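Below you'll find the structure, written out as structure tokens, and then a few comments.
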Amino acid sequence: MELQPDEYLFVDDIRSLLKCGDTKARLIMRALPSVRIGSRDAVSRAELDAHINEHGGIQVKWPRRKR
């Protein structure tokens, strides 16, 4: 199976696609099924699109602050 270049999205791809910061992009990736490619995690673009269409967006849960 040959992968297409835009089939999987990395953190920097999600940041530029959704116009968000690094932390929010990582939280979005954590909300979706991901795969490990080399030393980086990636999410399927089809999975991202399907999740957004089904749920109307991605619910991001910010971690609690340590005090």
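The chains in the structure tokens are called A, B, ... from first to last as shown; in each chain the residues are counted from 1, and the ligands are counted from 1 in the order shown.
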
### Task
Please return as number ranges by chain: the residues of chain A that backbone DSSP assigns to strand (DSSP E or B).
A: 8-9, 34-37, 40-44

Output of the above residues as a compact mmCIF listing (two decimals), in the first residue's frame, restricted to all heavy atoms:
# COMPACT_ATOMS: atom_id res chain seq x y z
N TYR A 8 -1.95 11.47 5.70
CA TYR A 8 -1.75 11.58 7.14
C TYR A 8 -1.28 12.98 7.49
O TYR A 8 -0.51 13.59 6.77
CB TYR A 8 -0.72 10.55 7.62
CG TYR A 8 -1.28 9.15 7.59
CD1 TYR A 8 -1.05 8.31 6.52
CD2 TYR A 8 -2.06 8.69 8.65
CE1 TYR A 8 -1.58 7.04 6.49
CE2 TYR A 8 -2.58 7.41 8.63
CZ TYR A 8 -2.35 6.59 7.54
OH TYR A 8 -2.88 5.34 7.52
N LEU A 9 -1.77 13.48 8.62
CA LEU A 9 -1.44 14.82 9.08
C LEU A 9 -0.64 14.75 10.37
O LEU A 9 -0.97 14.00 11.28
CB LEU A 9 -2.72 15.63 9.33
CG LEU A 9 -3.66 15.79 8.15
CD1 LEU A 9 -4.96 16.42 8.60
CD2 LEU A 9 -3.02 16.61 7.06
N SER A 34 -4.61 7.71 16.23
CA SER A 34 -3.37 8.12 15.57
C SER A 34 -2.48 6.92 15.28
O SER A 34 -2.67 5.85 15.85
CB SER A 34 -2.61 9.14 16.43
OG SER A 34 -2.21 8.55 17.64
N VAL A 35 -1.54 7.13 14.38
CA VAL A 35 -0.55 6.11 14.04
C VAL A 35 0.83 6.71 14.24
O VAL A 35 1.00 7.92 14.21
CB VAL A 35 -0.71 5.60 12.59
CG1 VAL A 35 -2.02 4.88 12.40
CG2 VAL A 35 -0.57 6.72 11.60
N ARG A 36 1.79 5.84 14.42
CA ARG A 36 3.18 6.28 14.59
C ARG A 36 3.89 6.10 13.26
O ARG A 36 3.94 5.00 12.72
CB ARG A 36 3.84 5.42 15.67
CG ARG A 36 5.13 5.93 16.15
CD ARG A 36 4.89 6.93 17.23
NE ARG A 36 6.15 7.26 17.87
CZ ARG A 36 6.31 8.31 18.59
NH1 ARG A 36 5.29 9.11 18.80
NH2 ARG A 36 7.45 8.59 19.13
N ILE A 37 4.43 7.17 12.72
CA ILE A 37 5.20 7.13 11.48
C ILE A 37 6.59 7.64 11.81
O ILE A 37 6.77 8.82 12.07
CB ILE A 37 4.54 7.97 10.36
CG1 ILE A 37 3.15 7.46 10.06
CG2 ILE A 37 5.41 7.96 9.12
CD1 ILE A 37 2.38 8.27 9.06
N ARG A 40 7.20 10.20 14.81
CA ARG A 40 6.13 11.19 14.95
C ARG A 40 4.76 10.53 14.89
O ARG A 40 4.58 9.53 14.22
CB ARG A 40 6.23 12.23 13.84
CG ARG A 40 7.52 13.01 13.89
CD ARG A 40 7.80 13.81 12.67
NE ARG A 40 6.68 14.58 12.17
CZ ARG A 40 6.71 15.30 11.06
NH1 ARG A 40 7.82 15.37 10.36
NH2 ARG A 40 5.65 15.95 10.66
N ASP A 41 3.80 11.13 15.60
CA ASP A 41 2.42 10.66 15.54
C ASP A 41 1.69 11.40 14.43
O ASP A 41 1.96 12.57 14.16
CB ASP A 41 1.70 10.94 16.87
CG ASP A 41 2.22 10.06 17.99
OD1 ASP A 41 2.54 8.91 17.71
OD2 ASP A 41 2.29 10.54 19.13
N ALA A 42 0.75 10.71 13.80
CA ALA A 42 -0.02 11.30 12.71
C ALA A 42 -1.46 10.80 12.79
O ALA A 42 -1.73 9.73 13.32
CB ALA A 42 0.58 10.93 11.37
N VAL A 43 -2.38 11.61 12.28
CA VAL A 43 -3.79 11.22 12.19
C VAL A 43 -4.18 11.19 10.72
O VAL A 43 -3.64 11.93 9.90
CB VAL A 43 -4.72 12.18 12.98
CG1 VAL A 43 -4.44 12.10 14.45
CG2 VAL A 43 -4.60 13.59 12.50
N SER A 44 -5.12 10.35 10.42
CA SER A 44 -5.61 10.23 9.06
C SER A 44 -6.47 11.45 8.72
O SER A 44 -7.32 11.86 9.52
CB SER A 44 -6.44 8.96 8.93
OG SER A 44 -7.18 8.96 7.75

### Task
Just list the residues in segment 13-65 of chain A DSSP gives helix (DSSP H, G or I) on the backbone, as number ranges by chain.
A: 13-18, 22-31, 45-55

#### Entry: Length of the atom CA of Gly57 of chain A to atom CA of Leu32 of chain A vector [Å]
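According to the coordinates, atom CA of Gly57 of chain A and atom CA of Leu32 of chain A are separated by 11.8 Å.
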
### Residue contacts of segment 15-29 of chain A (8 Å, only C-alpha atoms) excluding same-chain residues fewer than 6 positions away, as a list in words
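Selected residues are Ala42, Val43, Ile58, Gln59, Val60, Lys61 and Trp62 of chain A.
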
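For the pair atom CA of Ile52 of chain A and atom CA of Ala31 of chain A, the interatomic distance is 11.5 Å.
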